[in-house]
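Notes to accompany the following structure.
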Amino acid sequence: MAQKVEKWYPGEGKLTPGWTIIYILLMLGFVAACARLYLGLGATTNLSDGYPWGLWVSFDILAGVALAGGGFTMAAAIYIFNLKKFEPLLRPAKLSAFLGYLMFIIGLFFDLGQPWRIWHPMVMWNPHSVLFEVSWCVMLYTAVLAIDLFIIGLERYGKESWVRFFRDIYLVLVVAGIMLSTLHQSSLGALYLLLPEKMSNLWATQALGPLFFTSAVIGGMSVVILESLISARAYKRQPEMDILPDFAKGLGIALLVYFAMKVTDLYARGVSVWVWDKAHFFFFLELLGTVALPALLLVYQKVRQSTTGLFWAAGLSAFGVVLNRFNVSLTSYGGYRSFSYFPSIIEIILTAALVALGIVIFDLGRKLLPIYKSELSGQSR
Amino acid sequence: MSKAVLIDTTKCIGCRACQVACKSWNDLKGKKATFSETWSNPRFLSSYDYNRIIFREISHPDGRLDWYFIARRCLHCHDPACASACPVGALVKMPEGPVVYDDVKCIGCRYCMMACPFQIPKFEWESAVPLIRKCTFCADRLAEGLTPSCVATCPTGTLLFGERPALLKEAHRRIGAAPQRYYPQVYGEKTAGGTSSLYLTAVSFEELGLNHRGFRTDLGDVPQGLYGREWMSKVPYVGVAVGALAVGLHYFHQRRAEVQAEERKED
Ligand code: SF4
Ligand code: SF4
């Protein structure tokens, strides 16, 4: 059963430095959000006609969704490939995936010039637009994740007949989630298919869709590992070291596949990589430092068996996914323009506050819902 | 029928009457001007400058200097990337030629700005709830049977308004009649799938140094929006395939697990 909720806000009783920072960030974020809404994008961000998309698109939207890929990856592993032993990792993955999409939606809300029209794609259709498809898939998938959490909630409050009903139709939810995720994770890359002439050819490829999809699987898997390790530390639990090494093997394979895809793509397009400039620095950092290196690390059983080793390997590959999104959306684009862009303080604060909000909600979710194995009563879904 | 404007830059004297006419017809705010190192003013298109004249001074190898004046504005593509990008269909190509924008639909995502290969759509950055702004081809004037405001104002005949095929014929006639005067290509005839603003220039856009400043010459004849549309045409199939595969694999693995469990029991 879920433990009793004796605190009404996270960190109550003992205000640790960590929680203090989080609450300060949330307060600053609130002020920044008000400023953004009241004063407008031009006044509060460093975006311009030269750089219409900035930090919020790169981080809140592209990176956030990729890191939230754990939800569908775990669901596929467990329900489609029947790898039942990874089940203890499923619920935390669902919770963090839901938070990732929540971040996406809040981030998008502040990024839109007309935030109050965020619902327009629901009724105003342009089926030719990749962004239209992304908005629909994200919307539906967030709904799927919300239903998922709702079922977990029902379980906690012992609504058995309801839970049974949902279990009967559960496969529909799983398959819908996988379908929607495959589509929008790859389509986020396909957004950039329209502007090859504005991008460095290190990243401008027709294969952006499949590459984004694969790296979203990597992002999701790394976050699942990181989440298990970090929350074990934070909540004084044992990390799932009985299954994590096997799971990390999967991550290693995904990294290798991704590496092969990237190299094949570069080779097929005949891109000259042996140049030394800023774009190439980030390119090599991404390809060697955050794809090849963690893949190599994970080859060693010693690394897979140790929490520190896992932490570094998963941390690097998660960072690599974020770096890739920044590279595609900013580094690549920056090489083409004579303008420059660096996010304003408000953009940075709002992004940091979103992350802080994610942590707070995760903590609440953990307290309110039976998320971890030890809390599961009998059979689980 | 599809209208177009032929811009014969060799006739332009850089008087910028069209800039002024555009501002006054569209009721766009002005800004205090300053000198700029390029003589062009304003320096960039913006949400209140839909049209501007670029001044280029080109020195030829034989020591001659030449001035060229190039009007910059929306090209009103036949198959606009901006319209393929917009998630809510706020940008539309009208059969009459103009690519128009719907203030009421736009959510301000700025994907059109990213997608337009000519970097035309601009955002009202000063506003708290900004919208996209760009040349409208004076669609409101066309509806009244008038010509675009810039065309009506131009004193030198640089801007010629008419049916696109007729204008193309005229452009090629001019090139044929005075080959020494023109670069032998009409920019916009095929560029990015064809546009409704057609350019005649004395030298190529590379030579003008503008091919990376709005007048891309490396786009080919493909409309950029096609890449997105091709992707979207695959989406339903990918969706169905992934769904079917997921269901199939689920039952396959479930069955296999059951069989294995039974075998174990029998042992
Ligand atoms: S030039 Fe740009 S804004 Fe104008 S129609 Fe073409 S794609 Fe759209
Ligand atoms: S900013 Fe407006 S017009 Fe441009 S793509 Fe987004 S919704 Fe469409």
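Chain identifiers are assigned as A, B, and so on, following the order in which chains appear in the structure tokens; residues are numbered from 1 within each chain, and ligands are numbered from 1 in order of appearance.
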
Which of range 56-252 of chain B DSSP labels strand (DSSP E), written as a PyMOL selection string: chain B and resi 56-59+65-72+91-93+99-101+122-123+132-133+159-163+197-200

Can you write out the residues you just picked, keeping N, CA and C atoms, as a short mmCIF file (atom, residue, chain, number, x, y, z; two decimals), in the first residue's frame?
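Listing of out29.cif after writing:
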data_model
loop_
_atom_site.label_atom_id
_atom_site.label_comp_id
_atom_site.auth_asym_id
_atom_site.auth_seq_id
_atom_site.Cartn_x
_atom_site.Cartn_y
_atom_site.Cartn_z
N ARG B 56 23.04 47.54 -53.50
CA ARG B 56 24.29 46.80 -53.67
C ARG B 56 25.21 47.57 -54.60
N GLU B 57 26.44 47.75 -54.16
CA GLU B 57 27.45 48.40 -54.99
C GLU B 57 28.44 47.31 -55.38
N ILE B 58 28.52 47.00 -56.67
CA ILE B 58 29.37 45.89 -57.11
C ILE B 58 30.51 46.45 -57.95
N SER B 59 31.75 46.12 -57.59
CA SER B 59 32.87 46.55 -58.43
C SER B 59 33.25 45.42 -59.36
N LEU B 65 32.19 50.47 -61.46
CA LEU B 65 31.32 50.30 -60.29
C LEU B 65 29.88 50.31 -60.77
N ASP B 66 29.07 49.44 -60.17
CA ASP B 66 27.67 49.45 -60.54
C ASP B 66 26.79 49.41 -59.30
N TRP B 67 25.69 50.12 -59.38
CA TRP B 67 24.70 50.09 -58.31
C TRP B 67 23.55 49.20 -58.72
N TYR B 68 23.12 48.36 -57.79
CA TYR B 68 21.92 47.59 -58.06
C TYR B 68 20.95 47.76 -56.91
N PHE B 69 19.69 47.80 -57.24
CA PHE B 69 18.65 47.97 -56.22
C PHE B 69 17.68 46.81 -56.32
N ILE B 70 17.61 46.02 -55.26
CA ILE B 70 16.82 44.79 -55.29
C ILE B 70 15.70 44.88 -54.28
N ALA B 71 14.48 44.77 -54.75
CA ALA B 71 13.34 44.81 -53.83
C ALA B 71 13.22 43.48 -53.11
N ARG B 72 13.04 43.56 -51.80
CA ARG B 72 12.91 42.33 -51.01
C ARG B 72 11.53 42.30 -50.40
N LEU B 91 -1.76 30.26 -42.80
CA LEU B 91 -1.20 30.79 -44.04
C LEU B 91 -1.73 29.97 -45.21
N VAL B 92 -2.26 30.65 -46.21
CA VAL B 92 -2.87 29.95 -47.34
C VAL B 92 -2.47 30.63 -48.64
N LYS B 93 -2.23 29.81 -49.66
CA LYS B 93 -2.02 30.34 -51.01
C LYS B 93 -3.37 30.49 -51.68
N VAL B 99 -0.22 34.85 -50.97
CA VAL B 99 -0.18 33.97 -49.81
C VAL B 99 -0.61 34.82 -48.63
N VAL B 100 -1.79 34.49 -48.09
CA VAL B 100 -2.36 35.37 -47.06
C VAL B 100 -2.35 34.70 -45.70
N TYR B 101 -2.51 35.53 -44.69
CA TYR B 101 -2.34 35.10 -43.31
C TYR B 101 -3.60 35.45 -42.52
N LYS B 122 7.73 37.73 -40.38
CA LYS B 122 8.34 38.39 -39.22
C LYS B 122 7.32 38.46 -38.10
N PHE B 123 7.83 38.60 -36.89
CA PHE B 123 7.00 38.50 -35.69
C PHE B 123 6.91 39.86 -35.02
N ILE B 132 2.13 37.19 -36.71
CA ILE B 132 3.07 37.18 -37.83
C ILE B 132 2.69 38.30 -38.80
N ARG B 133 3.69 38.93 -39.40
CA ARG B 133 3.41 39.96 -40.39
C ARG B 133 4.29 39.74 -41.61
N LEU B 159 8.26 47.53 -61.50
CA LEU B 159 7.29 46.53 -61.06
C LEU B 159 6.17 46.42 -62.09
N LEU B 160 5.97 45.18 -62.53
CA LEU B 160 4.94 44.95 -63.52
C LEU B 160 3.99 43.89 -62.98
N PHE B 161 2.69 44.22 -62.98
CA PHE B 161 1.70 43.32 -62.40
C PHE B 161 0.90 42.67 -63.53
N GLY B 162 0.64 41.36 -63.40
CA GLY B 162 -0.17 40.72 -64.44
C GLY B 162 -0.30 39.23 -64.23
N GLU B 163 -0.79 38.57 -65.27
CA GLU B 163 -0.88 37.11 -65.23
C GLU B 163 0.53 36.53 -65.24
N SER B 197 6.47 36.33 -57.15
CA SER B 197 7.31 37.50 -57.36
C SER B 197 8.46 37.02 -58.23
N LEU B 198 8.61 37.62 -59.40
CA LEU B 198 9.62 37.16 -60.36
C LEU B 198 10.68 38.23 -60.49
N TYR B 199 11.95 37.83 -60.50
CA TYR B 199 13.03 38.81 -60.51
C TYR B 199 13.85 38.71 -61.79
N LEU B 200 14.10 39.87 -62.40
CA LEU B 200 15.11 39.98 -63.44
C LEU B 200 16.26 40.78 -62.84
#

Give me every alpha helix (DSSP H) residue in range 38-238 of chain B, going by DSSP on the backbone, as JSON, numbers by chain. {"B": [81, 82, 83, 84, 85, 111, 112, 113, 114, 115, 139, 140, 141, 142, 143, 149, 150, 151, 152, 153, 164, 165, 166, 167, 168, 169, 170, 171, 172, 173, 174, 175, 176, 177, 205, 206, 207, 208, 225, 226, 227, 228, 229, 230, 231, 232, 233, 234, 235, 236, 237, 238]}

Compare B:Tyr183, B:Thr191, B:Arg110, B:Pro95 by their minimum atom-to-atom distance to Leu75 in chain B, counting only C-alpha atoms, and give me the closest one.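 Closest to Leu75 in chain B, using only C-alpha atoms: B:Thr191.
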
Write out as a Markdown table the residues of chain A that have any atom within 6 Å of an atom of chain B, one row each with the nearest atom pair and its distance in Å to one decimal, counting only C-alpha atoms, sorted by chain and then rising number.
| residue | atom | partner | partner_atom | distance |
| --- | --- | --- | --- | --- |
| A:Leu39 | CA | B:Ala128 | CA | 5.3 |
| A:Gly40 | CA | B:Ala128 | CA | 3.7 |
| A:Gly42 | CA | B:Trp125 | CA | 4.2 |
| A:Asp49 | CA | B:Lys122 | CA | 5.9 |
| A:Ile80 | CA | B:His250 | CA | 4.2 |
| A:Asn82 | CA | B:His253 | CA | 5.9 |
| A:Leu112 | CA | B:Cys109 | CA | 5.1 |
| A:Gly113 | CA | B:Gly108 | CA | 4.1 |
| A:Gln114 | CA | B:Ile107 | CA | 4.9 |
| A:Arg117 | CA | B:Ile107 | CA | 5.5 |
| A:Pro121 | CA | B:Val88 | CA | 5.3 |
| A:Met124 | CA | B:Val88 | CA | 5.0 |
| A:Trp125 | CA | B:Val88 | CA | 5.3 |
| A:Asn126 | CA | B:Gly89 | CA | 5.1 |
| A:His128 | CA | B:Arg229 | CA | 5.3 |
| A:Ser129 | CA | B:Ala85 | CA | 4.9 |
| A:Leu131 | CA | B:Pro87 | CA | 5.3 |
| A:Phe132 | CA | B:Pro87 | CA | 4.2 |
| A:Val175 | CA | B:Gly243 | CA | 5.9 |
| A:Met179 | CA | B:Gly243 | CA | 5.6 |
| A:Leu193 | CA | B:Tyr227 | CA | 5.9 |
| A:Leu194 | CA | B:Gln224 | CA | 5.6 |
| A:Leu195 | CA | B:Ala115 | CA | 5.6 |

Written file, previous selection with N, CA and C atoms, as an mmCIF file, in the first residue's frame:
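Generated file (out.cif):
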data_model
loop_
_atom_site.group_PDB
_atom_site.id
_atom_site.type_symbol
_atom_site.label_atom_id
_atom_site.label_comp_id
_atom_site.auth_asym_id
_atom_site.auth_seq_id
_atom_site.Cartn_x
_atom_site.Cartn_y
_atom_site.Cartn_z
ATOM 1 N N LEU A 39 4.531 41.116 -20.428
ATOM 2 C CA LEU A 39 5.357 41.977 -21.279
ATOM 3 C C LEU A 39 5.538 41.435 -22.687
ATOM 4 N N GLY A 40 5.367 40.146 -22.872
ATOM 5 C CA GLY A 40 5.508 39.588 -24.217
ATOM 6 C C GLY A 40 6.864 38.961 -24.460
ATOM 7 N N GLY A 42 9.098 39.445 -26.923
ATOM 8 C CA GLY A 42 10.205 40.297 -27.345
ATOM 9 C C GLY A 42 10.922 40.912 -26.156
ATOM 10 N N ASP A 49 13.773 38.007 -34.983
ATOM 11 C CA ASP A 49 13.426 37.514 -36.310
ATOM 12 C C ASP A 49 14.528 36.603 -36.859
ATOM 13 N N ILE A 80 4.843 -5.641 -24.816
ATOM 14 C CA ILE A 80 4.964 -6.120 -26.194
ATOM 15 C C ILE A 80 6.034 -7.199 -26.287
ATOM 16 N N ASN A 82 7.287 -8.693 -23.630
ATOM 17 C CA ASN A 82 7.064 -9.615 -22.526
ATOM 18 C C ASN A 82 8.270 -9.762 -21.598
ATOM 19 N N LEU A 112 4.533 30.093 -27.026
ATOM 20 C CA LEU A 112 3.642 30.556 -28.082
ATOM 21 C C LEU A 112 3.427 32.062 -27.980
ATOM 22 N N GLY A 113 3.342 32.704 -29.145
ATOM 23 C CA GLY A 113 3.032 34.124 -29.141
ATOM 24 C C GLY A 113 1.616 34.369 -28.654
ATOM 25 N N GLN A 114 0.740 33.408 -28.908
ATOM 26 C CA GLN A 114 -0.670 33.519 -28.520
ATOM 27 C C GLN A 114 -1.007 32.342 -27.614
ATOM 28 N N ARG A 117 -4.306 30.491 -27.328
ATOM 29 C CA ARG A 117 -4.848 29.757 -28.483
ATOM 30 C C ARG A 117 -4.208 28.387 -28.611
ATOM 31 N N PRO A 121 -4.949 23.943 -32.713
ATOM 32 C CA PRO A 121 -4.751 22.789 -33.609
ATOM 33 C C PRO A 121 -5.826 21.720 -33.446
ATOM 34 N N MET A 124 -8.586 23.635 -35.721
ATOM 35 C CA MET A 124 -8.143 24.174 -37.013
ATOM 36 C C MET A 124 -7.084 23.252 -37.564
ATOM 37 N N TRP A 125 -7.442 22.535 -38.601
ATOM 38 C CA TRP A 125 -6.573 21.462 -39.054
ATOM 39 C C TRP A 125 -5.747 21.854 -40.259
ATOM 40 N N ASN A 126 -4.485 21.405 -40.247
ATOM 41 C CA ASN A 126 -3.681 21.444 -41.452
ATOM 42 C C ASN A 126 -2.928 20.124 -41.530
ATOM 43 N N HIS A 128 -1.226 18.750 -43.545
ATOM 44 C CA HIS A 128 0.077 18.727 -44.210
ATOM 45 C C HIS A 128 1.202 19.057 -43.248
ATOM 46 N N SER A 129 0.841 19.636 -42.099
ATOM 47 C CA SER A 129 1.863 20.200 -41.228
ATOM 48 C C SER A 129 2.378 19.172 -40.233
ATOM 49 N N LEU A 131 3.964 19.896 -37.581
ATOM 50 C CA LEU A 131 3.696 20.413 -36.245
ATOM 51 C C LEU A 131 2.259 20.105 -35.813
ATOM 52 N N PHE A 132 1.370 20.084 -36.778
ATOM 53 C CA PHE A 132 -0.023 19.727 -36.481
ATOM 54 C C PHE A 132 -0.086 18.297 -35.945
ATOM 55 N N VAL A 175 -0.929 -0.013 -26.640
ATOM 56 C CA VAL A 175 -0.656 0.076 -28.076
ATOM 57 C C VAL A 175 -0.823 1.508 -28.562
ATOM 58 N N MET A 179 2.099 3.697 -30.379
ATOM 59 C CA MET A 179 1.865 4.270 -31.700
ATOM 60 C C MET A 179 2.095 5.774 -31.677
ATOM 61 N N LEU A 193 12.933 18.798 -41.259
ATOM 62 C CA LEU A 193 13.102 18.392 -42.656
ATOM 63 C C LEU A 193 12.835 19.555 -43.591
ATOM 64 N N LEU A 194 12.019 20.508 -43.128
ATOM 65 C CA LEU A 194 11.628 21.599 -44.003
ATOM 66 C C LEU A 194 12.722 22.639 -44.195
ATOM 67 N N LEU A 195 13.744 22.613 -43.353
ATOM 68 C CA LEU A 195 14.700 23.708 -43.467
ATOM 69 C C LEU A 195 16.140 23.255 -43.636
#

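The spacing separating CA of Glu160 in chain A from CA of Leu173 in chain A amounts to 18.6 Å.
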
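Distance annotation: of B:Pro165, B:Val259, B:Thr10, B:Pro80, the residue with the minimal separation from ligand 2 is B:Pro80; atom set is only C-alpha atoms and all ligand atoms.
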
For each of B:Asp8, B:Gly97, B:Asp102, B:Asp49, take the minimum atom-to-atom distance to ligand 2, counting only C-alpha atoms and all ligand atoms, then give the residue where this is smallest.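 Looking only at the distances to ligand 2, the closest residue turns out to be B:Asp102.
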
Residues within 9 Å of Cys22 in chain B, only C-alpha atoms, excluding chain neighbours under 6 positions, as a PyMOL selection string: chain B and resi 28+49-51+135+138+148-150
